[in-house]
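Taking it in order: structure first as structure tokens, then the write-up.
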Amino acid sequence: MRWTLRIPVLLAGVSIMASCTESVGPAREGALPDAPLFSLSATGITLNKQILSFGQSGTLLIKGFNPISPDTGDAVIATFAWVGPPGIIDSVVDVMTTGPYTHVQGNPYTLVKEASAGGITMATYVATNIQNFPSGQPEPVVYAVAAYLRQSVPDAGVRLSSWKGVENDFGRALGSGAGLARSASGNGTTPTAASAGSLTVNSGGLVYGVSVATPLVAVEHDPAYSSVSSSGGQNSLNSDEIYSVLSSGGTANPNFTWYFDQAPSGGTWLATSLTLNAAGSTPPPPPP
């Protein structure tokens, strides 16, 4: 069903962003990171936590998992979008929102895909089996993901989601080959389909799709997929993200429709899709 942008939703996103980026007090007294947890789940891959924040600018893009942190052992998908050129992310790190931020050690975020067209860029990073922070800690001090940029941008946003049941090892979680992660871009002046292309999905695998567009127009997605979080944006960017878990594997093609007929000169879209393997679904690598 086609929807119309609702300003109260966008304003709520702004207040969420502010609650993360302000300096806050130290973590709860005596709190220590939980013992390491791992991702094997009897129920397969499930969405745990999600959050988004648009209307950011500058050289630091950051969002915390308000109101409560994800759990150790989760996989995190972090998508950053901005008005500006590609290749300007210097690093992506995880922090606790103390004042100043406390860096979490040992959770590398790996760039999966970056797409750029029409003056906008989107980069998607993944970390698996996150550790070394208090699992499920509530605000004001929460787990956050930050991208440090080499140059300032005028408009940007962040989408974060955490997932239970994803393979712990990043190489085995994402696998290899063009069919496991794709990105694409395009433009239009009428309702326009946006898709990164078809993915090959292993049994029990997660299919994730995210799309960003400019200017701020309405979007809808394939009803066969579930929303990760609500569609939302601010200023010159709007976004949406969806997912599905394929119990028997196969192929998938997450897709969106952007209503560029709402803009006098049309618009530009970016899309990325990827698949992550379920814990225990891929054989371990051979011994050295």
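Following the order of the structure tokens, first chain is A, next is B, and so on, with residues numbered from 1 inside each chain and ligands from 1 in the order they appear.
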
Near range 84-90 of chain A, 7 Å: range 108-177 of chain A residue rows, closest pairs, only C-alpha atoms, as JSON lines:
```
{"residue": "A:Ser116", "atom": "CA", "partner": "A:Pro86", "partner_atom": "CA", "distance": 6.1}
{"residue": "A:Gly119", "atom": "CA", "partner": "A:Gly84", "partner_atom": "CA", "distance": 5.5}
{"residue": "A:Ile120", "atom": "CA", "partner": "A:Gly84", "partner_atom": "CA", "distance": 5.3}
{"residue": "A:Thr121", "atom": "CA", "partner": "A:Pro86", "partner_atom": "CA", "distance": 5.7}
{"residue": "A:Ala147", "atom": "CA", "partner": "A:Ile89", "partner_atom": "CA", "distance": 6.5}
{"residue": "A:Tyr148", "atom": "CA", "partner": "A:Asp90", "partner_atom": "CA", "distance": 5.5}
{"residue": "A:Leu149", "atom": "CA", "partner": "A:Ile89", "partner_atom": "CA", "distance": 4.4}
{"residue": "A:Arg150", "atom": "CA", "partner": "A:Ile88", "partner_atom": "CA", "distance": 5.2}
{"residue": "A:Gln151", "atom": "CA", "partner": "A:Ile88", "partner_atom": "CA", "distance": 6.6}
{"residue": "A:Val153", "atom": "CA", "partner": "A:Gly84", "partner_atom": "CA", "distance": 6.2}
```

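For Glu114 in chain A, the set of protein, DNA and RNA residues having any atom at most 10 Å away, when counting only C-alpha atoms and skipping those fewer than 5 positions along the same chain, is Thr79, Phe80, Ala81, Pro86, Gly87, Thr121, Met122, Ala123, Thr124, Tyr125, Arg182, Ser183, Ala184, Leu270, Ala271 and Thr272 of chain A.
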
Can I get the selected residues back with all heavy atoms, as an mmCIF file, in the first residue's frame?
```
data_model
loop_
_atom_site.group_PDB
_atom_site.id
_atom_site.type_symbol
_atom_site.label_atom_id
_atom_site.label_comp_id
_atom_site.auth_asym_id
_atom_site.auth_seq_id
_atom_site.Cartn_x
_atom_site.Cartn_y
_atom_site.Cartn_z
ATOM 1 N N THR A 79 24.309 0.659 8.303
ATOM 2 C CA THR A 79 24.272 1.353 7.020
ATOM 3 C C THR A 79 24.351 2.854 7.259
ATOM 4 O O THR A 79 23.541 3.410 8.020
ATOM 5 C CB THR A 79 23.002 1.001 6.234
ATOM 6 O OG1 THR A 79 23.035 -0.386 5.870
ATOM 7 C CG2 THR A 79 22.903 1.834 4.962
ATOM 8 N N PHE A 80 25.307 3.502 6.605
ATOM 9 C CA PHE A 80 25.498 4.951 6.686
ATOM 10 C C PHE A 80 25.188 5.544 5.313
ATOM 11 O O PHE A 80 25.632 5.024 4.285
ATOM 12 C CB PHE A 80 26.935 5.288 7.077
ATOM 13 C CG PHE A 80 27.371 4.665 8.374
ATOM 14 C CD1 PHE A 80 27.988 3.426 8.391
ATOM 15 C CD2 PHE A 80 27.143 5.312 9.575
ATOM 16 C CE1 PHE A 80 28.384 2.832 9.593
ATOM 17 C CE2 PHE A 80 27.530 4.740 10.780
ATOM 18 C CZ PHE A 80 28.157 3.492 10.787
ATOM 19 N N ALA A 81 24.423 6.626 5.299
ATOM 20 C CA ALA A 81 24.080 7.300 4.045
ATOM 21 C C ALA A 81 24.359 8.787 4.211
ATOM 22 O O ALA A 81 24.153 9.349 5.289
ATOM 23 C CB ALA A 81 22.613 7.075 3.694
ATOM 24 N N PRO A 86 31.673 9.089 -2.545
ATOM 25 C CA PRO A 86 32.027 7.822 -1.908
ATOM 26 C C PRO A 86 33.462 7.853 -1.396
ATOM 27 O O PRO A 86 34.229 8.784 -1.668
ATOM 28 C CB PRO A 86 31.879 6.816 -3.050
ATOM 29 C CG PRO A 86 32.190 7.613 -4.283
ATOM 30 C CD PRO A 86 31.642 8.985 -4.014
ATOM 31 N N GLY A 87 33.811 6.821 -0.627
ATOM 32 C CA GLY A 87 35.191 6.636 -0.211
ATOM 33 C C GLY A 87 35.682 7.584 0.857
ATOM 34 O O GLY A 87 36.894 7.766 1.005
ATOM 35 N N THR A 121 25.585 8.889 -1.255
ATOM 36 C CA THR A 121 26.350 7.661 -1.076
ATOM 37 C C THR A 121 25.774 6.866 0.093
ATOM 38 O O THR A 121 25.264 7.445 1.057
ATOM 39 C CB THR A 121 27.837 7.970 -0.802
ATOM 40 O OG1 THR A 121 28.361 8.736 -1.884
ATOM 41 C CG2 THR A 121 28.658 6.702 -0.652
ATOM 42 N N MET A 122 25.874 5.546 -0.011
ATOM 43 C CA MET A 122 25.431 4.653 1.066
ATOM 44 C C MET A 122 26.466 3.546 1.220
ATOM 45 O O MET A 122 26.904 2.944 0.241
ATOM 46 C CB MET A 122 24.064 4.060 0.732
ATOM 47 C CG MET A 122 23.538 3.061 1.747
ATOM 48 S SD MET A 122 21.862 2.485 1.336
ATOM 49 C CE MET A 122 22.196 1.481 -0.127
ATOM 50 N N ALA A 123 26.881 3.274 2.467
ATOM 51 C CA ALA A 123 27.862 2.231 2.751
ATOM 52 C C ALA A 123 27.317 1.329 3.845
ATOM 53 O O ALA A 123 26.847 1.821 4.886
ATOM 54 C CB ALA A 123 29.195 2.839 3.175
ATOM 55 N N THR A 124 27.387 0.012 3.620
ATOM 56 C CA THR A 124 26.863 -0.966 4.570
ATOM 57 C C THR A 124 28.000 -1.807 5.133
ATOM 58 O O THR A 124 28.777 -2.387 4.373
ATOM 59 C CB THR A 124 25.806 -1.862 3.908
ATOM 60 O OG1 THR A 124 24.706 -1.054 3.472
ATOM 61 C CG2 THR A 124 25.292 -2.915 4.880
ATOM 62 N N TYR A 125 28.079 -1.856 6.455
ATOM 63 C CA TYR A 125 29.113 -2.597 7.190
ATOM 64 C C TYR A 125 28.454 -3.694 8.024
ATOM 65 O O TYR A 125 27.298 -3.565 8.448
ATOM 66 C CB TYR A 125 29.883 -1.665 8.121
ATOM 67 C CG TYR A 125 30.827 -0.711 7.422
ATOM 68 C CD1 TYR A 125 30.346 0.386 6.711
ATOM 69 C CD2 TYR A 125 32.201 -0.896 7.493
ATOM 70 C CE1 TYR A 125 31.213 1.269 6.082
ATOM 71 C CE2 TYR A 125 33.079 -0.019 6.863
ATOM 72 C CZ TYR A 125 32.578 1.057 6.161
ATOM 73 O OH TYR A 125 33.443 1.928 5.536
ATOM 74 N N ARG A 182 25.117 -7.414 -3.123
ATOM 75 C CA ARG A 182 25.015 -6.626 -4.349
ATOM 76 C C ARG A 182 24.639 -5.191 -4.010
ATOM 77 O O ARG A 182 24.042 -4.916 -2.967
ATOM 78 C CB ARG A 182 23.954 -7.206 -5.292
ATOM 79 C CG ARG A 182 24.264 -8.601 -5.828
ATOM 80 C CD ARG A 182 23.195 -9.028 -6.819
ATOM 81 N NE ARG A 182 23.421 -10.357 -7.356
ATOM 82 C CZ ARG A 182 24.205 -10.631 -8.392
ATOM 83 N NH1 ARG A 182 24.840 -9.642 -9.004
ATOM 84 N NH2 ARG A 182 24.346 -11.869 -8.815
ATOM 85 N N SER A 183 24.972 -4.265 -4.910
ATOM 86 C CA SER A 183 24.511 -2.889 -4.799
ATOM 87 C C SER A 183 24.212 -2.361 -6.196
ATOM 88 O O SER A 183 24.745 -2.868 -7.193
ATOM 89 C CB SER A 183 25.548 -2.004 -4.105
ATOM 90 O OG SER A 183 26.748 -1.958 -4.851
ATOM 91 N N ALA A 184 23.357 -1.351 -6.258
ATOM 92 C CA ALA A 184 22.970 -0.762 -7.537
ATOM 93 C C ALA A 184 22.437 0.638 -7.287
ATOM 94 O O ALA A 184 22.206 1.047 -6.140
ATOM 95 C CB ALA A 184 21.914 -1.620 -8.240
ATOM 96 N N LEU A 270 19.584 4.469 -4.305
ATOM 97 C CA LEU A 270 20.666 3.507 -4.082
ATOM 98 C C LEU A 270 20.072 2.290 -3.389
ATOM 99 O O LEU A 270 19.138 2.417 -2.595
ATOM 100 C CB LEU A 270 21.755 4.099 -3.179
ATOM 101 C CG LEU A 270 22.316 5.471 -3.543
ATOM 102 C CD1 LEU A 270 23.271 5.940 -2.443
ATOM 103 C CD2 LEU A 270 23.027 5.428 -4.891
ATOM 104 N N ALA A 271 20.604 1.117 -3.665
ATOM 105 C CA ALA A 271 20.119 -0.100 -3.005
ATOM 106 C C ALA A 271 21.276 -1.054 -2.764
ATOM 107 O O ALA A 271 22.176 -1.188 -3.606
ATOM 108 C CB ALA A 271 19.041 -0.793 -3.838
ATOM 109 N N THR A 272 21.263 -1.701 -1.619
ATOM 110 C CA THR A 272 22.211 -2.762 -1.292
ATOM 111 C C THR A 272 21.440 -3.925 -0.700
ATOM 112 O O THR A 272 20.500 -3.721 0.083
ATOM 113 C CB THR A 272 23.262 -2.273 -0.274
ATOM 114 O OG1 THR A 272 24.132 -1.333 -0.911
ATOM 115 C CG2 THR A 272 24.109 -3.425 0.263
#
```

- Task: Find the residues around Ile242 in chain A up to 9 Å (only C-alpha atoms counted), leave out those fewer than 6 positions away in its own chain, and share them as a PyMOL selection string.
- Result: chain A and resi 207-210+221-222+225-229+254-255

- Mind checking which residues fall within 8 Å of Asp169 in chain A, counting only C-alpha atoms, ignoring those fewer than 4 positions away in the same chain, and posting them as a list in words? Thr128, Asn129 and Ala173 of chain A

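Ranking A:Leu199, A:Ala156, A:Ile45, A:Val166 by their shortest atom-to-atom distance to Thr282 in chain A, with only C-alpha atoms included, puts A:Val166 first.
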
- Task: Kindly indicate which residue among A:Thr97, A:Asn235, A:Thr275, A:Thr214 lies nearest to Thr189 in chain A, using only C-alpha atoms for the distances.
- Result: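 Among the listed residues, A:Thr214 lies closest to Thr189 in chain A.
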
- Message: Between A:Phe170, A:Pro191, A:Lys164, A:Ser57, which residue has the minimum interatomic distance to Gln234 in chain A, considering only C-alpha atoms?
- Response: A:Ser57
